[in-house]
>>> print(open('run-v6.txt').read())   # compact mmCIF, C-alpha atoms
# COMPACT_ATOMS: atom_id res chain seq x y z
CA MET A 1 47.82 3.90 5.88
CA ILE A 2 47.75 3.54 9.66
CA GLN A 3 45.90 6.83 9.81
CA PHE A 4 43.29 5.59 7.34
CA ILE A 5 42.66 2.49 9.44
CA GLN A 6 42.44 4.67 12.54
CA GLU A 7 39.90 6.91 10.83
CA LEU A 8 37.89 3.86 9.79
CA GLY A 9 37.94 2.51 13.33
CA LYS A 10 36.91 5.86 14.74
CA SER A 11 34.00 6.33 12.38
CA THR A 12 32.82 2.75 13.05
CA ARG A 13 32.96 3.42 16.77
CA THR A 14 31.08 6.71 16.54
CA SER A 15 28.39 5.24 14.31
CA PHE A 16 27.92 2.33 16.70
CA THR A 17 27.67 4.59 19.72
CA LYS A 18 25.16 6.72 17.84
CA LEU A 19 23.14 3.63 16.99
CA GLY A 20 23.24 2.59 20.63
CA ARG A 21 22.22 6.03 21.86
CA SER A 22 19.38 6.24 19.36
CA SER A 23 18.09 2.77 20.32
CA TYR A 24 18.17 3.71 23.99
CA PHE A 25 16.40 6.95 23.10
CA LEU A 26 13.73 4.99 21.23
CA LEU A 27 13.20 2.69 24.21
CA GLN A 28 12.81 5.69 26.51
CA THR A 29 10.37 7.27 24.07
CA ILE A 30 8.23 4.16 23.80
CA SER A 31 8.20 3.63 27.55
CA GLY A 32 6.66 7.09 27.91
CA ILE A 33 3.60 6.18 25.82
CA PHE A 34 1.37 5.36 28.79
CA SER A 35 1.98 8.65 30.52
CA VAL A 36 1.12 10.44 27.27
CA LEU A 37 -2.13 8.54 26.94
CA LEU A 38 -3.05 9.87 30.37
CA ARG A 39 -2.60 13.41 29.04
CA PRO A 40 -4.14 13.37 25.56
CA ARG A 41 -3.98 17.17 25.35
CA LEU A 42 -0.21 16.97 24.67
CA LEU A 43 -0.78 14.49 21.87
CA LEU A 44 -3.54 16.62 20.41
CA ASN A 45 -1.34 19.72 20.24
CA GLN A 46 1.33 17.76 18.43
CA MET A 47 -1.19 16.15 16.08
CA TYR A 48 -2.02 19.70 15.10
CA SER A 49 1.52 20.81 14.32
CA VAL A 50 2.63 17.51 12.78
CA GLY A 51 -0.51 16.32 11.03
CA VAL A 52 -2.86 19.21 10.33
CA LEU A 53 -0.13 21.55 9.13
CA SER A 54 1.17 18.86 6.72
CA PHE A 55 -2.34 18.28 5.38
CA LEU A 56 -2.25 20.88 2.64
CA ILE A 57 1.14 20.01 1.15
CA ILE A 58 0.25 16.30 1.17
CA THR A 59 -3.12 16.68 -0.53
CA ILE A 60 -1.88 19.14 -3.15
CA SER A 61 1.17 17.00 -3.98
CA GLY A 62 -1.04 13.92 -4.08
CA LEU A 63 -3.40 15.59 -6.53
CA PHE A 64 -0.57 16.60 -8.84
CA VAL A 65 1.22 13.25 -8.64
CA GLY A 66 -2.04 11.51 -9.54
CA MET A 67 -2.65 13.90 -12.42
CA VAL A 68 0.86 13.35 -13.81
CA LEU A 69 0.43 9.58 -13.48
CA GLY A 70 -2.85 9.84 -15.37
CA LEU A 71 -1.26 11.88 -18.14
CA GLN A 72 1.89 9.80 -18.55
CA GLY A 73 0.07 6.50 -18.11
CA TYR A 74 -2.44 7.49 -20.77
CA TYR A 75 0.26 8.24 -23.37
CA THR A 76 1.99 4.92 -22.79
CA LEU A 77 -1.14 2.79 -22.47
CA SER A 78 -2.90 4.30 -25.49
CA ASP A 79 -0.07 2.96 -27.70
CA PHE A 80 -1.31 -0.52 -26.81
CA GLY A 81 -4.99 0.38 -26.90
CA ALA A 82 -5.23 -0.31 -23.18
CA GLU A 83 -6.43 3.08 -21.89
CA GLU A 84 -9.05 1.31 -19.78
CA THR A 85 -6.36 -0.03 -17.47
CA LEU A 86 -5.27 3.52 -16.61
CA GLY A 87 -7.13 3.27 -13.30
CA VAL A 88 -5.23 0.11 -12.37
CA MET A 89 -1.90 1.73 -13.19
CA VAL A 90 -2.62 4.92 -11.25
CA ALA A 91 -4.09 3.13 -8.24
CA ALA A 92 -1.48 0.37 -8.04
CA SER A 93 1.48 2.73 -8.26
CA LEU A 94 -0.08 5.14 -5.75
CA VAL A 95 -1.29 2.63 -3.19
CA ARG A 96 1.74 0.38 -3.29
CA GLU A 97 4.64 2.77 -3.72
CA LEU A 98 4.12 6.45 -4.35
CA GLY A 99 1.52 7.07 -1.66
CA PRO A 100 3.60 5.85 1.29
CA VAL A 101 7.00 6.90 -0.11
CA VAL A 102 6.29 10.39 -1.44
CA SER A 103 4.11 11.35 1.50
CA ALA A 104 6.83 10.09 3.88
CA LEU A 105 9.46 12.15 2.04
CA LEU A 106 7.24 15.23 2.21
CA PHE A 107 6.47 14.48 5.83
CA ALA A 108 10.19 14.28 6.63
CA GLY A 109 10.76 17.59 4.87
CA ARG A 110 7.75 19.37 6.32
CA ALA A 111 7.27 17.94 9.81
CA GLY A 112 10.53 16.08 10.51
CA SER A 113 12.78 19.08 9.96
CA ALA A 114 10.49 21.24 12.08
CA LEU A 115 10.62 18.70 14.92
CA THR A 116 14.41 18.53 14.82
CA ALA A 117 14.79 22.31 14.77
CA GLU A 118 12.27 22.73 17.60
CA ILE A 119 13.89 20.17 19.89
CA GLY A 120 17.42 21.25 18.95
CA LEU A 121 16.55 24.82 19.88
CA MET A 122 14.96 23.68 23.13
CA LYS A 123 18.21 21.94 23.90
CA ALA A 124 20.33 24.94 22.83
CA THR A 125 18.31 27.31 25.01
CA GLU A 126 18.51 24.77 27.85
CA GLN A 127 14.77 24.31 28.13
CA LEU A 128 15.22 20.56 28.33
CA SER A 129 17.72 20.86 31.20
CA GLY A 130 15.34 23.32 32.86
CA MET A 131 12.60 20.73 32.76
CA GLU A 132 14.89 18.15 34.30
CA MET A 133 15.64 20.64 37.09
CA MET A 134 11.92 20.85 37.78
CA ALA A 135 11.75 17.04 37.88
CA VAL A 136 9.77 16.88 34.63
CA ASP A 137 10.98 14.14 32.35
CA PRO A 138 11.61 15.91 29.00
CA VAL A 139 11.33 12.63 27.08
CA LYS A 140 7.85 11.97 28.42
CA ARG A 141 6.72 15.58 28.22
CA ILE A 142 8.27 16.63 24.88
CA ILE A 143 9.50 13.67 22.84
CA THR A 144 6.87 10.94 23.21
CA PRO A 145 3.83 13.08 22.25
CA ARG A 146 5.63 14.16 19.08
CA PHE A 147 6.65 10.60 18.30
CA LEU A 148 3.10 9.31 18.74
CA ALA A 149 1.69 12.17 16.70
CA GLY A 150 4.04 11.32 13.81
CA LEU A 151 3.22 7.64 14.07
CA ILE A 152 -0.54 8.32 13.92
CA SER A 153 -0.43 11.09 11.31
CA MET A 154 1.75 9.33 8.75
CA PRO A 155 -0.67 6.52 7.73
CA LEU A 156 -3.53 9.01 7.60
CA LEU A 157 -1.51 11.34 5.38
CA ALA A 158 -0.40 8.47 3.12
CA GLY A 159 -4.00 7.30 2.77
CA LEU A 160 -5.10 10.82 1.89
CA PHE A 161 -2.25 11.15 -0.61
CA SER A 162 -3.27 7.96 -2.42
CA ALA A 163 -6.99 8.77 -2.35
CA VAL A 164 -6.51 12.30 -3.66
CA GLY A 165 -4.02 11.02 -6.27
CA ILE A 166 -6.48 8.44 -7.59
CA ILE A 167 -9.14 11.13 -7.87
CA GLY A 168 -6.59 13.37 -9.65
CA GLY A 169 -5.80 10.58 -12.09
CA GLN A 170 -9.51 10.19 -12.73
CA ILE A 171 -9.96 13.94 -13.35
CA ILE A 172 -7.21 13.88 -15.98
CA GLY A 173 -7.99 10.43 -17.36
CA SER A 174 -11.72 10.60 -17.85
CA GLY A 175 -12.22 14.35 -17.68
CA LEU A 176 -9.53 15.47 -20.07
CA LEU A 177 -8.38 12.46 -22.08
CA GLY A 178 -11.64 10.62 -22.49
CA VAL A 179 -11.03 7.33 -20.71
CA ASP A 180 -14.35 5.76 -19.79
CA GLU A 181 -15.09 6.58 -16.15
CA GLY A 182 -16.78 3.27 -15.41
CA ALA A 183 -13.84 1.34 -16.84
CA TYR A 184 -11.41 3.43 -14.79
CA TRP A 185 -13.09 2.43 -11.53
CA SER A 186 -14.18 -1.12 -12.34
CA GLN A 187 -10.80 -2.22 -13.73
CA MET A 188 -9.21 -0.72 -10.63
CA GLN A 189 -11.58 -2.51 -8.29
CA SER A 190 -11.05 -5.87 -9.93
CA SER A 191 -7.24 -5.60 -9.87
CA ILE A 192 -6.44 -3.90 -6.58
CA ASP A 193 -6.58 -6.37 -3.74
CA PHE A 194 -7.49 -5.15 -0.27
CA GLN A 195 -5.04 -7.32 1.60
CA ASP A 196 -2.14 -7.34 -0.85
CA ASP A 197 -2.19 -3.72 -1.89
CA ILE A 198 -4.07 -1.53 0.58
CA ILE A 199 -2.96 -3.24 3.78
CA ASN A 200 0.65 -3.54 2.63
CA GLY A 201 0.71 0.13 1.66
CA PHE A 202 -0.74 0.95 5.08
CA ILE A 203 1.97 -1.12 6.83
CA LYS A 204 4.62 0.68 4.78
CA SER A 205 3.32 4.09 5.85
CA ILE A 206 3.32 3.04 9.52
CA VAL A 207 6.93 1.90 9.22
CA PHE A 208 7.91 5.15 7.50
CA GLY A 209 6.10 7.21 10.12
CA PHE A 210 7.93 5.34 12.87
CA VAL A 211 11.36 5.75 11.27
CA THR A 212 10.91 9.38 10.24
CA SER A 213 9.68 10.49 13.65
CA TRP A 214 12.43 8.53 15.38
CA ILE A 215 15.18 10.06 13.22
CA ALA A 216 13.78 13.60 13.49
CA LEU A 217 13.39 13.47 17.27
CA PHE A 218 16.71 11.77 17.90
CA GLU A 219 18.64 14.20 15.71
CA GLY A 220 17.06 17.10 17.57
CA TYR A 221 17.70 15.55 20.97
CA ASP A 222 21.27 14.65 20.01
CA ALA A 223 22.09 17.96 18.30
CA ILE A 224 25.12 19.98 19.37
CA PRO A 225 23.46 22.85 21.25
CA THR A 226 24.65 25.67 19.01
CA SER A 227 22.93 27.33 16.08
CA GLU A 228 25.27 25.54 13.70
CA GLY A 229 24.68 22.22 15.42
CA VAL A 230 20.90 22.63 15.10
CA SER A 231 21.16 23.49 11.42
CA ARG A 232 23.34 20.44 10.80
CA ALA A 233 20.95 18.22 12.73
CA THR A 234 18.05 19.49 10.61
CA THR A 235 19.95 18.68 7.42
CA ARG A 236 20.82 15.24 8.75
CA THR A 237 17.17 14.57 9.56
CA VAL A 238 16.04 15.22 6.00
CA VAL A 239 18.94 13.32 4.41
CA ASN A 240 18.82 10.32 6.74
CA SER A 241 15.02 10.11 6.59
CA ALA A 242 15.10 10.12 2.78
CA PHE A 243 17.74 7.39 2.73
CA SER A 244 15.97 5.19 5.24
CA ILE A 245 12.56 5.67 3.60
CA LEU A 246 13.84 4.69 0.17
CA GLY A 247 16.00 1.83 1.47
CA LEU A 248 13.24 0.45 3.68
CA ASP A 249 10.78 0.78 0.82
CA PHE A 250 12.96 -1.47 -1.31
CA ILE A 251 13.22 -4.07 1.45
CA LEU A 252 9.50 -3.94 2.27
CA THR A 253 8.53 -4.19 -1.40
CA ALA A 254 10.81 -7.19 -1.87
CA LEU A 255 9.24 -8.87 1.18
CA MET A 256 5.60 -7.99 0.43
CA PHE A 257 5.31 -8.30 -3.33
CA GLY A 258 8.21 -10.69 -3.92
CA ASP A 259 6.19 -13.83 -4.52
CA ASN A 260 3.95 -12.59 -7.31
CA MET B 1 -9.76 28.60 25.41
CA GLN B 2 -11.01 29.56 21.95
CA HIS B 3 -7.60 28.71 20.51
CA THR B 4 -7.49 25.15 21.84
CA ASN B 5 -11.06 24.55 20.69
CA ASN B 6 -10.10 25.55 17.16
CA GLN B 7 -7.15 23.22 17.35
CA ASP B 8 -9.38 20.39 18.51
CA THR B 9 -11.68 20.97 15.57
CA LEU B 10 -8.82 21.00 13.08
CA VAL B 11 -7.25 17.86 14.50
CA GLY B 12 -10.65 16.20 14.45
CA LEU B 13 -11.16 17.22 10.83
CA PHE B 14 -7.70 15.97 9.92
CA VAL B 15 -8.24 12.58 11.52
CA ALA B 16 -11.70 12.29 9.95
CA ALA B 17 -10.28 13.18 6.53
CA GLY B 18 -7.47 10.64 6.93
CA ILE B 19 -9.85 7.88 7.94
CA ALA B 20 -12.18 8.85 5.09
CA GLY B 21 -9.24 8.56 2.69
CA LEU B 22 -8.34 5.10 3.95
CA PHE B 23 -11.99 4.08 3.85
CA PHE B 24 -12.23 5.35 0.28
CA LEU B 25 -9.19 3.25 -0.66
CA ALA B 26 -10.66 0.17 1.00
CA MET B 27 -14.19 0.41 -0.36
CA HIS B 28 -13.90 2.25 -3.64
CA VAL B 29 -10.46 1.30 -4.96
CA SER B 30 -9.98 -2.28 -3.84
CA ASN B 31 -12.13 -5.34 -4.35
CA LEU B 32 -13.24 -5.46 -0.73
CA SER B 33 -16.77 -4.26 -1.47
CA SER B 34 -17.38 -6.45 -4.50
CA PHE B 35 -16.44 -9.78 -2.98
CA VAL B 36 -16.75 -10.78 0.63
CA GLU B 37 -14.37 -13.56 1.56
CA ASP B 38 -16.34 -15.47 4.17
CA GLY B 39 -19.63 -15.63 2.28
CA SER B 40 -18.35 -18.16 -0.21
CA TYR B 41 -18.12 -21.89 -0.83
CA THR B 42 -15.40 -23.90 -2.51
CA ILE B 43 -15.67 -26.18 -5.53
CA THR B 44 -12.92 -28.12 -7.25
CA ALA B 45 -12.34 -28.85 -10.91
CA ARG B 46 -9.58 -30.92 -12.54
CA PHE B 47 -8.15 -29.70 -15.81
CA GLU B 48 -5.80 -31.46 -18.18
CA ASN B 49 -4.05 -28.12 -18.60
CA SER B 50 -4.91 -24.94 -16.75
CA GLY B 51 -2.74 -22.75 -19.00
CA GLY B 52 -2.07 -19.27 -17.71
CA LEU B 53 -4.77 -19.38 -15.02
CA LYS B 54 -3.63 -17.74 -11.78
CA VAL B 55 -4.81 -17.61 -8.20
CA LYS B 56 -7.41 -14.80 -7.96
CA SER B 57 -8.39 -15.18 -11.62
CA PRO B 58 -12.12 -14.55 -12.00
CA VAL B 59 -14.72 -17.31 -12.19
CA SER B 60 -17.74 -16.31 -14.18
CA ALA B 61 -21.03 -17.73 -15.36
CA ALA B 62 -22.85 -16.23 -18.33
CA GLY B 63 -20.30 -13.42 -18.34
CA VAL B 64 -20.92 -12.35 -14.75
CA LYS B 65 -18.19 -12.72 -12.14
CA ILE B 66 -19.40 -15.05 -9.39
CA GLY B 67 -16.16 -16.00 -7.67
CA LYS B 68 -12.43 -16.39 -7.97
CA VAL B 69 -9.76 -19.06 -8.18
CA SER B 70 -8.44 -19.75 -4.69
CA SER B 71 -5.69 -22.28 -5.40
CA ILE B 72 -4.08 -24.17 -8.26
CA SER B 73 -2.04 -27.30 -7.65
CA PHE B 74 -0.62 -30.20 -9.62
CA ASP B 75 -1.80 -33.73 -8.85
CA PRO B 76 1.26 -36.00 -9.30
CA LYS B 77 -0.89 -39.15 -9.60
CA THR B 78 -3.24 -38.17 -12.38
CA TYR B 79 -0.97 -35.46 -13.88
CA GLU B 80 -3.84 -33.02 -13.80
CA SER B 81 -4.14 -29.47 -12.60
CA VAL B 82 -6.45 -29.15 -9.58
CA VAL B 83 -8.17 -25.78 -9.49
CA GLN B 84 -10.08 -24.72 -6.40
CA MET B 85 -12.59 -21.92 -6.79
CA SER B 86 -14.43 -19.98 -4.12
CA ILE B 87 -17.87 -19.02 -5.33
CA ASP B 88 -19.99 -16.32 -3.74
CA SER B 89 -22.59 -18.06 -1.59
CA LYS B 90 -25.33 -15.96 -3.25
CA TYR B 91 -24.91 -18.27 -6.23
CA ASN B 92 -25.45 -21.64 -4.55
CA THR B 93 -27.75 -23.07 -7.19
CA MET B 94 -25.20 -24.27 -9.75
CA PRO B 95 -26.27 -27.75 -11.06
CA ASP B 96 -23.84 -30.58 -10.31
CA ASP B 97 -23.30 -31.29 -14.03
CA THR B 98 -21.89 -27.82 -14.62
CA THR B 99 -19.08 -27.63 -17.17
CA ALA B 100 -15.94 -25.64 -16.33
CA SER B 101 -13.80 -24.31 -19.14
CA ILE B 102 -10.85 -21.96 -19.22
CA PHE B 103 -11.25 -19.04 -21.61
CA THR B 104 -9.20 -15.99 -22.43
CA ALA B 105 -10.76 -12.53 -22.16
CA GLY B 106 -9.96 -11.02 -25.55
CA LEU B 107 -7.00 -12.18 -27.60
CA LEU B 108 -4.30 -11.24 -25.09
CA GLY B 109 -6.40 -10.75 -21.97
CA GLU B 110 -6.25 -12.68 -18.72
CA GLN B 111 -7.59 -16.21 -18.45
CA TYR B 112 -10.70 -17.01 -16.48
CA VAL B 113 -12.86 -19.99 -15.60
CA ASN B 114 -16.25 -20.07 -17.24
CA LEU B 115 -18.98 -22.18 -15.65
CA GLU B 116 -21.67 -23.46 -18.00
CA PRO B 117 -24.66 -24.76 -16.00
CA GLY B 118 -26.06 -28.14 -17.02
CA GLY B 119 -29.60 -29.45 -16.62
CA SER B 120 -29.32 -31.43 -13.42
CA GLU B 121 -31.81 -30.98 -10.61
CA THR B 122 -29.26 -31.36 -7.82
CA PHE B 123 -26.93 -28.51 -6.96
CA LEU B 124 -23.21 -28.35 -6.32
CA LYS B 125 -22.44 -28.42 -2.61
CA SER B 126 -19.53 -26.94 -0.72
CA ASN B 127 -16.31 -28.82 -1.58
CA GLY B 128 -18.15 -30.32 -4.57
CA LYS B 129 -16.39 -31.44 -7.72
CA ILE B 130 -17.00 -30.41 -11.30
CA GLU B 131 -16.68 -33.53 -13.46
CA ILE B 132 -16.76 -32.10 -16.98
CA THR B 133 -13.92 -29.72 -17.76
CA GLN B 134 -12.37 -28.21 -20.84
CA SER B 135 -8.70 -27.22 -20.76
CA ALA B 136 -7.26 -23.88 -21.63
CA ILE B 137 -6.59 -23.26 -25.28
CA ILE B 138 -2.86 -22.79 -25.63
CA LEU B 139 -2.29 -20.38 -28.49
CA GLU B 140 1.07 -21.89 -29.50
CA LYS B 141 -0.47 -25.37 -29.67
CA ALA B 142 -3.37 -24.14 -31.79
CA ILE B 143 -1.04 -22.33 -34.20
CA GLY B 144 1.18 -25.41 -34.40
CA GLN B 145 -1.78 -27.62 -35.27
CA PHE B 146 -2.99 -25.14 -37.85
CA LEU B 147 0.43 -24.97 -39.54
CA PHE B 148 0.74 -28.76 -39.49
CA LYS B 149 -2.69 -29.15 -41.07
CA SER B 150 -2.07 -26.65 -43.85
CA ALA B 151 1.26 -28.35 -44.62
CA GLU B 152 -0.57 -31.69 -44.90
CA GLU B 153 -3.13 -30.22 -47.28
CA LYS B 154 -0.46 -28.89 -49.63
CA LYS B 155 1.03 -32.35 -50.20
>>> encode(input="run-v6.txt", output="structure tokens")
Amino acid sequence: MIQFIQELGKSTRTSFTKLGRSSYFLLQTISGIFSVLLRPRLLLNQMYSVGVLSFLIITISGLFVGMVLGLQGYYTLSDFGAEETLGVMVAASLVRELGPVVSALLFAGRAGSALTAEIGLMKATEQLSGMEMMAVDPVKRIITPRFLAGLISMPLLAGLFSAVGIIGGQIIGSGLLGVDEGAYWSQMQSSIDFQDDIINGFIKSIVFGFVTSWIALFEGYDAIPTSEGVSRATTRTVVNSAFSILGLDFILTALMFGDN
Amino acid sequence: MQHTNNQDTLVGLFVAAGIAGLFFLAMHVSNLSSFVEDGSYTITARFENSGGLKVKSPVSAAGVKIGKVSSISFDPKTYESVVQMSIDSKYNTMPDDTTASIFTAGLLGEQYVNLEPGGSETFLKSNGKIEITQSAIILEKAIGQFLFKSAEEKK
């Protein structure tokens, strides 16, 4: 019994120290933003590895998610003779939920794990300590450009995901199943609100980009510098990102769409 | 140097594609393009019962959407529903004896405000009031009346 309480106390203490360390890490990262803006080349390189390399998986998944939504939505809606509202269903579910959430999950799997592994290995091979020896701040030189790149790429990727998904839904809906194309777009335009749906989805994707990049970079920076430690940190990045994305999505949805 | 130039191009393409996607969402998917918020004027109508009318329900005249409902509130003095509508300022020539009625699109569709222009020479101004209104038809009420009537006839 005493041992159980001790274990509980210990795990509480470790999780609090980890929270503290990660918050301090985040502050350090954010304070390096100005020095990164002075050297945009660093940011550009990271935009390439974080954003451009995730482009393909995001667009292809978006296309397929939209096509599945079109197919499933059609079967359900045609029972009620409401096929014309297929566009509304596809667009609302993509813009509000699936676009930000699924692209953030893919982003965590594709880019987040790569970031953790890269930084963990840098730590394991003592590249970060080497930089410190040369009086180069590794947070400013390595971490902040990656953080900014994730923060900028995520909303762009989520927007692409939703846009491609809506087009995919249209391909299936009006190309294959015979929903009127004009009705698909006009019903969508009259129901989707710019401020309520598009802007809120955009805010969601910014929040997810922030959280995913933070988790990925911190796990890498905090990893035990062995090959096993790096592999564990990579796993933790994907698991923790998925949890925080889904949990935050619930909270954000409750706050944003709660009153209607 | 060739390598970094390629990278620049790809990053540029990626950012352009992302912005194009967001732009597509804003202009083609949402209602941003069809209705501009600031180019509108407000008119008020009082209904005995506004039924299932909601904020953002369409306001149409002759079947064409010309605005939307901006607020619905209850007046505790007259026990009426006060409906504010913002009308696209393109359509600023509605006569001041226009009739507002609440209709349902289809049997189960959403409710909307229909404006029926009258014959007056003067036009509705911003913050103007519509005097003649017709309440929403509540389906339950109509069915109740119908049943009551047919029961009366049988006697």
>>> residues_around(input="run-v6.txt", residues="A:Thr59", least_positions_apart="2", cutoff="8 Å", atoms="all atoms listed in the file", output="NGL selection string")
:A and (55-57 or 61-63 or 160-161 or 164)
>>> write_last_selection(input="run-v6.txt", atoms="C-alpha atoms", output="tab-separated table (two decimals), in the frame of the given file")
chain	number	residue	atom	x	y	z
A	55	PHE	CA	-2.34	18.28	5.38
A	56	LEU	CA	-2.25	20.88	2.64
A	57	ILE	CA	1.14	20.01	1.15
A	61	SER	CA	1.17	17.00	-3.98
A	62	GLY	CA	-1.04	13.92	-4.08
A	63	LEU	CA	-3.40	15.59	-6.53
A	160	LEU	CA	-5.10	10.82	1.89
A	161	PHE	CA	-2.25	11.15	-0.61
A	164	VAL	CA	-6.51	12.30	-3.66
>>> atom_distance(input="run-v6.txt", atom1="atom CA of A:Ile224", atom2="atom CA of A:Tyr24")
18.3 Å
>>> closest_residue(input="run-v6.txt", among="A:Leu105, A:Ala114, A:Met131, A:Leu217", to="A:Ala242", atoms="all atoms listed in the file")
A:Leu105
>>> closest_residue(input="run-v6.txt", among="A:Val179, A:Ala91, A:Leu42, A:Ile167", to="A:Leu77", atoms="all atoms listed in the file")
A:Val179
>>> interface_residues(input="run-v6.txt", of="chain B", to="chain A", cutoff="10 Å", atoms="all atoms listed in the file", output="number ranges by chain")
B: 4, 7-35, 56-58
>>> atom_distance(input="run-v6.txt", atom1="atom CA of A:Leu128", atom2="atom CA of A:Thr212")
21.7 Å
>>> closest_residue(input="run-v6.txt", among="A:Gly182, A:Gly201, A:Ser174, A:Thr144", to="A:Phe25", atoms="all atoms listed in the file")
A:Thr144
>>> atom_distance(input="run-v6.txt", atom1="atom CA of A:Val65", atom2="atom CA of A:Leu148")
27.7 Å
>>> closest_residue(input="run-v6.txt", among="A:Gln3, A:Thr116, A:Thr12, A:Ser31", to="A:Arg232", atoms="all atoms listed in the file")
A:Thr116
>>> closest_residue(input="run-v6.txt", among="A:Ile5, A:Ile172, A:Met133, A:Ala124", to="A:Gly220", atoms="all atoms listed in the file")
A:Ala124
>>> residues_near_point(input="run-v6.txt", point="(-8.9, 6.0, -24.1)", cutoff="7 Å", atoms="all atoms listed in the file", output="PyMOL selection string")
chain A and resi 78+83-84+177-180
>>> write_last_selection(input="run-v6.txt", atoms="C-alpha atoms", output="JSON list (two decimals), in the frame of the given file")
[["chain", "number", "residue", "atom", "x", "y", "z"],
["A", 78, "SER", "CA", -2.90, 4.30, -25.49],
["A", 83, "GLU", "CA", -6.43, 3.08, -21.89],
["A", 84, "GLU", "CA", -9.05, 1.31, -19.78],
["A", 177, "LEU", "CA", -8.38, 12.46, -22.08],
["A", 178, "GLY", "CA", -11.64, 10.62, -22.49],
["A", 179, "VAL", "CA", -11.03, 7.33, -20.71],
["A", 180, "ASP", "CA", -14.35, 5.76, -19.79]]
>>> residues_around(input="run-v6.txt", residues="stretch 39-43 of chain B", least_positions_apart="2", cutoff="8 Å", atoms="all atoms listed in the file", output="ChimeraX atom specification")
/B:36-37,45,84-90,124-130
>>> closest_residue(input="run-v6.txt", among="A:Gly120, A:Ala233, A:Lys204, A:Phe210", to="A:Ala149", atoms="only C-alpha atoms")
A:Phe210
